[in-house]
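Pasted below: input.txt, compact mmCIF, C-alpha atoms.
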# COMPACT_ATOMS: atom_id res chain seq x y z
CA MET A 2 132.81 121.72 97.38
CA LYS A 3 129.74 123.88 96.83
CA LYS A 4 126.67 123.10 98.97
CA VAL A 5 123.10 124.08 98.10
CA ILE A 6 120.15 124.28 100.49
CA VAL A 7 116.58 124.03 99.18
CA PHE A 8 113.58 124.86 101.34
CA ASP A 9 109.90 124.07 101.30
CA MET A 10 107.80 127.10 102.32
CA ASP A 11 104.49 126.32 104.06
CA ASP A 12 104.97 125.03 107.61
CA THR A 13 108.74 124.94 107.06
CA LEU A 14 109.72 128.60 106.91
CA TYR A 15 106.54 129.97 108.51
CA ASP A 16 103.26 128.72 109.99
CA GLU A 17 100.82 128.26 107.10
CA PHE A 18 97.89 128.86 109.46
CA GLU A 19 98.95 132.53 109.45
CA PHE A 20 98.07 132.66 105.76
CA VAL A 21 94.78 130.86 106.42
CA LYS A 22 93.90 133.41 109.11
CA SER A 23 94.72 136.25 106.73
CA GLY A 24 92.47 134.77 104.05
CA PHE A 25 89.63 134.11 106.48
CA ARG A 26 89.78 137.73 107.65
CA GLU A 27 89.46 138.99 104.07
CA VAL A 28 86.44 136.76 103.45
CA ALA A 29 84.88 137.83 106.75
CA LYS A 30 85.45 141.50 105.86
CA TYR A 31 83.79 141.10 102.47
CA LEU A 32 80.73 139.34 103.89
CA SER A 33 80.48 141.82 106.74
CA VAL A 34 80.48 144.84 104.42
CA ASN A 35 78.12 143.36 101.84
CA TYR A 36 75.70 141.38 103.99
CA HIS A 37 75.75 143.30 107.28
CA LEU A 38 77.19 140.48 109.38
CA GLN A 39 79.66 140.71 112.26
CA GLU A 40 83.16 140.40 110.85
CA GLU A 41 84.77 138.95 113.98
CA GLU A 42 82.00 136.40 114.43
CA LEU A 43 82.43 135.22 110.85
CA PHE A 44 86.19 134.91 111.30
CA GLN A 45 85.85 133.01 114.56
CA TRP A 46 83.29 130.64 113.05
CA MET A 47 85.67 129.76 110.19
CA TRP A 48 88.64 129.40 112.49
CA GLN A 49 86.86 127.13 114.97
CA ARG A 50 85.40 125.10 112.11
CA LEU A 51 88.88 124.63 110.68
CA LEU A 52 90.32 123.49 114.01
CA LYS A 53 87.46 121.07 114.56
CA SER A 54 86.91 119.58 111.12
CA GLY A 55 89.69 120.66 108.78
CA ARG A 56 89.29 122.81 105.69
CA GLY A 57 86.67 120.85 103.77
CA ARG A 58 83.99 123.06 102.19
CA ILE A 59 84.39 125.70 104.82
CA PHE A 60 83.04 128.65 102.81
CA ASP A 61 80.00 126.66 101.69
CA ASP A 62 79.28 125.79 105.32
CA LEU A 63 79.79 129.38 106.48
CA LEU A 64 77.32 130.69 103.90
CA LYS A 65 74.78 128.00 104.75
CA GLU A 66 75.15 128.84 108.44
CA ASN A 67 74.14 132.43 107.60
CA ASN A 68 71.46 131.55 105.01
CA LEU A 69 73.53 133.08 102.22
CA PHE A 70 74.61 130.07 100.22
CA SER A 71 74.82 130.20 96.45
CA LYS A 72 77.42 128.68 94.17
CA GLY A 73 78.32 132.13 92.93
CA LEU A 74 78.95 133.56 96.39
CA ALA A 75 80.88 130.46 97.43
CA LYS A 76 83.14 130.91 94.38
CA LYS A 77 83.55 134.59 95.28
CA CYS A 78 84.75 133.63 98.77
CA VAL A 79 87.26 131.18 97.33
CA SER A 80 88.51 133.86 94.93
CA ILE A 81 88.90 136.40 97.74
CA TYR A 82 90.83 133.88 99.80
CA ARG A 83 93.15 132.91 96.96
CA LEU A 84 93.79 136.34 95.49
CA HIS A 85 94.13 138.48 98.60
CA LYS A 86 97.46 140.01 99.55
CA PRO A 87 98.31 138.05 102.69
CA GLN A 88 99.16 139.76 105.94
CA ILE A 89 101.98 137.41 106.89
CA THR A 90 105.59 137.91 107.93
CA LEU A 91 108.65 135.69 108.11
CA PRO A 92 109.40 134.66 111.72
CA THR A 93 112.49 136.18 113.32
CA GLN A 94 114.14 132.78 113.75
CA THR A 95 113.66 132.00 110.05
CA LYS A 96 115.26 135.29 109.06
CA GLY A 97 118.12 134.56 111.44
CA ILE A 98 118.79 131.12 110.00
CA LEU A 99 118.61 132.32 106.40
CA ASN A 100 121.02 135.12 107.26
CA LYS A 101 123.47 132.59 108.71
CA LEU A 102 123.22 130.55 105.52
CA LYS A 103 123.68 133.48 103.13
CA GLN A 104 127.09 132.21 102.02
CA TYR A 105 125.34 129.19 100.46
CA PRO A 106 122.98 129.22 97.46
CA CYS A 107 119.45 128.86 98.92
CA TYR A 108 116.38 128.01 96.87
CA LEU A 109 112.67 127.54 97.45
CA ILE A 110 110.36 124.85 96.04
CA THR A 111 106.67 125.15 96.86
CA ASP A 112 103.49 123.45 95.64
CA GLY A 113 100.08 125.02 95.25
CA ASN A 114 98.03 127.52 93.28
CA LYS A 115 100.46 129.77 91.39
CA THR A 116 98.87 133.04 92.44
CA VAL A 117 98.46 132.00 96.06
CA GLN A 118 102.04 130.82 96.38
CA TYR A 119 103.45 133.87 94.59
CA ASN A 120 101.56 136.17 96.95
CA LYS A 121 102.96 134.26 99.92
CA VAL A 122 106.52 134.41 98.57
CA THR A 123 106.39 138.16 98.05
CA ALA A 124 104.61 138.88 101.35
CA LEU A 125 107.29 136.93 103.21
CA GLY A 126 110.09 138.55 101.21
CA LEU A 127 111.44 135.18 100.12
CA ASP A 128 111.93 136.41 96.57
CA LYS A 129 114.69 138.63 97.97
CA LEU A 130 116.19 136.03 100.31
CA MET A 131 116.42 133.08 97.91
CA LYS A 132 118.56 132.71 94.81
CA LYS A 133 115.40 131.55 93.02
CA CYS A 134 111.90 130.48 94.07
CA TYR A 135 110.34 127.60 92.16
CA LEU A 136 106.53 127.51 92.15
CA THR A 137 105.99 123.96 90.94
CA TYR A 138 102.58 124.58 89.36
CA ARG A 139 104.24 127.00 86.93
CA HIS A 140 105.97 123.93 85.51
CA GLY A 141 102.76 121.88 85.37
CA ILE A 142 100.98 120.17 88.23
CA LYS A 143 102.56 116.88 87.16
CA ASN A 144 105.91 118.40 88.19
CA SER A 145 104.81 119.24 91.72
CA LYS A 146 106.15 117.20 94.63
CA PRO A 147 106.91 114.34 94.93
CA SER A 148 108.25 114.86 91.41
CA PRO A 149 111.98 115.69 91.50
CA TYR A 150 111.58 118.00 88.49
CA CYS A 151 112.27 121.34 90.21
CA ILE A 152 115.13 120.15 92.40
CA GLN A 153 116.72 118.68 89.28
CA LEU A 154 116.42 122.10 87.64
CA ILE A 155 118.38 123.48 90.60
CA GLN A 156 120.94 120.70 90.30
CA ARG A 157 121.53 121.47 86.62
CA ARG A 158 121.67 125.20 87.31
CA GLU A 159 124.29 124.76 90.04
CA LYS A 160 126.15 121.95 88.20
CA ILE A 161 126.67 119.81 91.30
CA ASP A 162 126.01 116.27 92.43
CA PRO A 163 122.69 115.56 94.26
CA LYS A 164 124.65 114.63 97.42
CA ASN A 165 125.63 118.30 97.70
CA ILE A 166 122.02 119.50 97.71
CA VAL A 167 119.82 119.17 100.80
CA TYR A 168 116.06 119.60 100.81
CA VAL A 169 114.44 120.90 104.00
CA GLY A 170 110.70 120.24 104.31
CA ASP A 171 107.93 119.24 106.70
CA ASN A 172 105.57 116.90 104.81
CA PRO A 173 106.70 113.26 104.65
CA THR A 174 103.86 112.30 102.31
CA LYS A 175 105.55 114.10 99.40
CA ASP A 176 108.67 116.11 100.28
CA PHE A 177 111.34 113.39 100.33
CA VAL A 178 110.14 110.21 98.63
CA GLY A 179 110.76 111.43 95.07
CA ILE A 180 114.25 112.79 95.65
CA LYS A 181 115.92 110.38 98.12
CA PRO A 182 116.45 107.61 95.54
CA LEU A 183 118.29 110.12 93.35
CA GLY A 184 120.86 110.91 96.04
CA PHE A 185 119.56 114.25 97.29
CA ARG A 186 119.96 114.79 101.04
CA THR A 187 116.90 115.41 103.20
CA ILE A 188 115.97 117.07 106.51
CA ARG A 189 112.49 117.07 108.03
CA ILE A 190 111.31 119.97 110.21
CA MET A 191 108.87 118.59 112.80
CA THR A 192 106.53 121.58 112.73
CA GLY A 193 103.15 122.47 111.27
CA GLN A 194 100.16 120.41 110.25
CA HIS A 195 102.15 117.29 109.34
CA LYS A 196 104.34 116.97 112.42
CA LEU A 197 102.51 113.92 113.80
CA ILE A 198 102.49 111.99 110.52
CA GLU A 199 104.64 108.87 110.46
CA MET A 200 105.43 107.29 107.09
CA PRO A 201 107.41 104.24 105.89
CA GLU A 202 111.16 104.71 105.78
CA GLN A 203 111.31 105.49 102.07
CA TYR A 204 109.10 108.55 102.67
CA GLU A 205 111.06 109.90 105.61
CA ALA A 206 113.99 112.29 105.64
CA GLU A 207 117.37 111.06 106.82
CA ILE A 208 117.43 113.58 109.67
CA ARG A 209 114.68 115.16 111.77
CA VAL A 210 114.91 118.45 113.67
CA ASN A 211 112.39 120.04 116.00
CA ASP A 212 112.62 123.48 114.39
CA LEU A 213 114.80 125.63 112.14
CA LEU A 214 117.11 126.58 115.01
CA GLU A 215 118.45 123.01 114.89
CA LEU A 216 119.11 123.17 111.15
CA PRO A 217 122.83 124.15 111.33
CA VAL A 218 123.58 121.10 113.51
CA ALA A 219 121.68 118.83 111.09
CA LEU A 220 123.57 120.27 108.13
CA LYS A 221 126.84 119.59 109.92
CA LYS A 222 125.79 115.94 110.37
CA ILE A 223 125.09 115.61 106.67
CA TRP A 224 128.17 117.52 105.58
CA PRO A 225 130.94 117.36 108.24
CA GLU A 226 132.81 120.12 106.38
CA PHE A 227 129.80 122.44 106.62
CA GLU A 228 130.42 125.80 108.36
CA ILE A 229 128.24 128.86 108.90
CA GLU A 230 128.91 132.46 109.79
CA GLY A 231 128.36 133.64 113.37

What's the structure tokens form of this structure?
Amino acid sequence: MKKVIVFDMDDTLYDEFEFVKSGFREVAKYLSVNYHLQEEELFQWMWQRLLKSGRGRIFDDLLKENNLFSKGLAKKCVSIYRLHKPQITLPTQTKGILNKLKQYPCYLITDGNKTVQYNKVTALGLDKLMKKCYLTYRHGIKNSKPSPYCIQLIQRREKIDPKNIVYVGDNPTKDFVGIKPLGFRTIRIMTGQHKLIEMPEQYEAEIRVNDLLELPVALKKIWPEFEIEG
């Protein structure tokens, strides 16, 4: 029986903070060149602010800190962040796992700004590693997670029962709750910004793993007949 594996992207296949760092560096470079500020100091200010207080209105606060704030410049910083070509790479262990799973159809489902997520997908090379990448916002924000819309598109495309599709994600607030009642299988990767979140049972995946290296064992638990190469 055919098995299909569907992945989330951010904080599942790579550390999303690497994208954030890349965007911060582009903003810092722009402000440094145009306003004669120290690029590294700007980057470090944003990074420390993020670690301390979360994202919030971080560009507004940065500009106010340097007496540069205007709505126009704040919008420019957001645009630079969203539209830049990210300097990110897929971790070696992710490449290794995806290579081991190449005999199975693998898909991607990711939420977020269409341009931002497309730039991430291409920078990471996931467009070449996945059978198809679904950017949920292309189908309307209402069809982003926890909506099962995109995974149901995969189900219809592959013509298989939900029990033969597993979704691998990291965020229990939205990744699993919409698809579990429909019979799709679920695995939670305990990495990234959501790893400490605990949710009621209906929001949680049926299996947890510490990282992607444990994924083959988890897949074997879900599907005893599951085998991988190597």

Could you give me, as an MDAnalysis selection string, the residues that have an atom at most 12 Å away from the point (128.7, 118.2, 106.0) in the coordinates of the file, using only C-alpha atoms?
chainID A and resid 2:6 164:167 186 216:229

Residue contacts of Glu66 in chain A (12 Å, only C-alpha atoms) excluding same-chain residues fewer than 2 positions away, as an MDAnalysis selection string:
chainID A and resid 38 42:43 46:47 50 59:64 68:70

So how far away is CA of Ile208 in chain A from CA of Ile110 in chain A, in Å?
19.0 Å

With 7 Å as the cut-off and all atoms listed in the file counted, what is the closest atom pair between each nearby residue of range 166-202 of chain A and range 10-32 of chain A? Distances in Å to one decimal, ordered by chain and number, as JSON lines.
{"residue": "A:Gly170", "atom": "CA", "partner": "A:Thr13", "partner_atom": "CA", "distance": 5.8}
{"residue": "A:Asp171", "atom": "CA", "partner": "A:Thr13", "partner_atom": "CA", "distance": 5.8}
{"residue": "A:Ile190", "atom": "CA", "partner": "A:Thr13", "partner_atom": "CA", "distance": 6.4}
{"residue": "A:Thr192", "atom": "CA", "partner": "A:Asp12", "partner_atom": "CA", "distance": 6.4}
{"residue": "A:Gly193", "atom": "CA", "partner": "A:Asp12", "partner_atom": "CA", "distance": 4.8}

Just to confirm, what's the straight-line distance from CA of Ile89 in chain A to CA of His195 in chain A in Å (one decimal)?
20.3 Å

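Closest approach to Lys86 in chain A among A:Asn100, A:Val169, A:Ala206, A:Lys121: A:Lys121, based on all atoms listed in the file.
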
Separation of CA of Gln39 in chain A from CA of Gln118 in chain A in Å:
29.2 Å

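In this comparison, which uses only C-alpha atoms, the residue of A:Asn172, A:Gln88, A:Thr116, A:Thr123 approaching Phe8 in chain A most closely is A:Asn172.
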
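Proximity to Gln194 in chain A was assessed for A:Pro92, A:Leu52, A:Glu40, A:His85 counting all atoms listed in the file; the smallest distance is recorded for A:Leu52.
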
Near-Thr137 in chain A list (9 Å; all atoms listed in the file; drop same-chain fewer than 4 positions) as a PyMOL selection string:
chain A and resi 110-113+115+141-146+150-151

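Comparing the minimum interatomic distances between Pro182 in chain A and each of A:Ser148, A:Glu215, A:Leu99, A:Leu130, counting only C-alpha atoms, we find that A:Ser148 sits nearest.
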
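With only C-alpha atoms as the atoms that count, the minimum distance from Ile180 in chain A to the choices A:Ile98, A:Cys78, A:Ala124, A:Ile152 is reached by A:Ile152.
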
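Using all atoms listed in the file, the smallest distance between any of A:Tyr135, A:Tyr82, A:Tyr119, A:Tyr204 and Phe177 in chain A comes from A:Tyr204.
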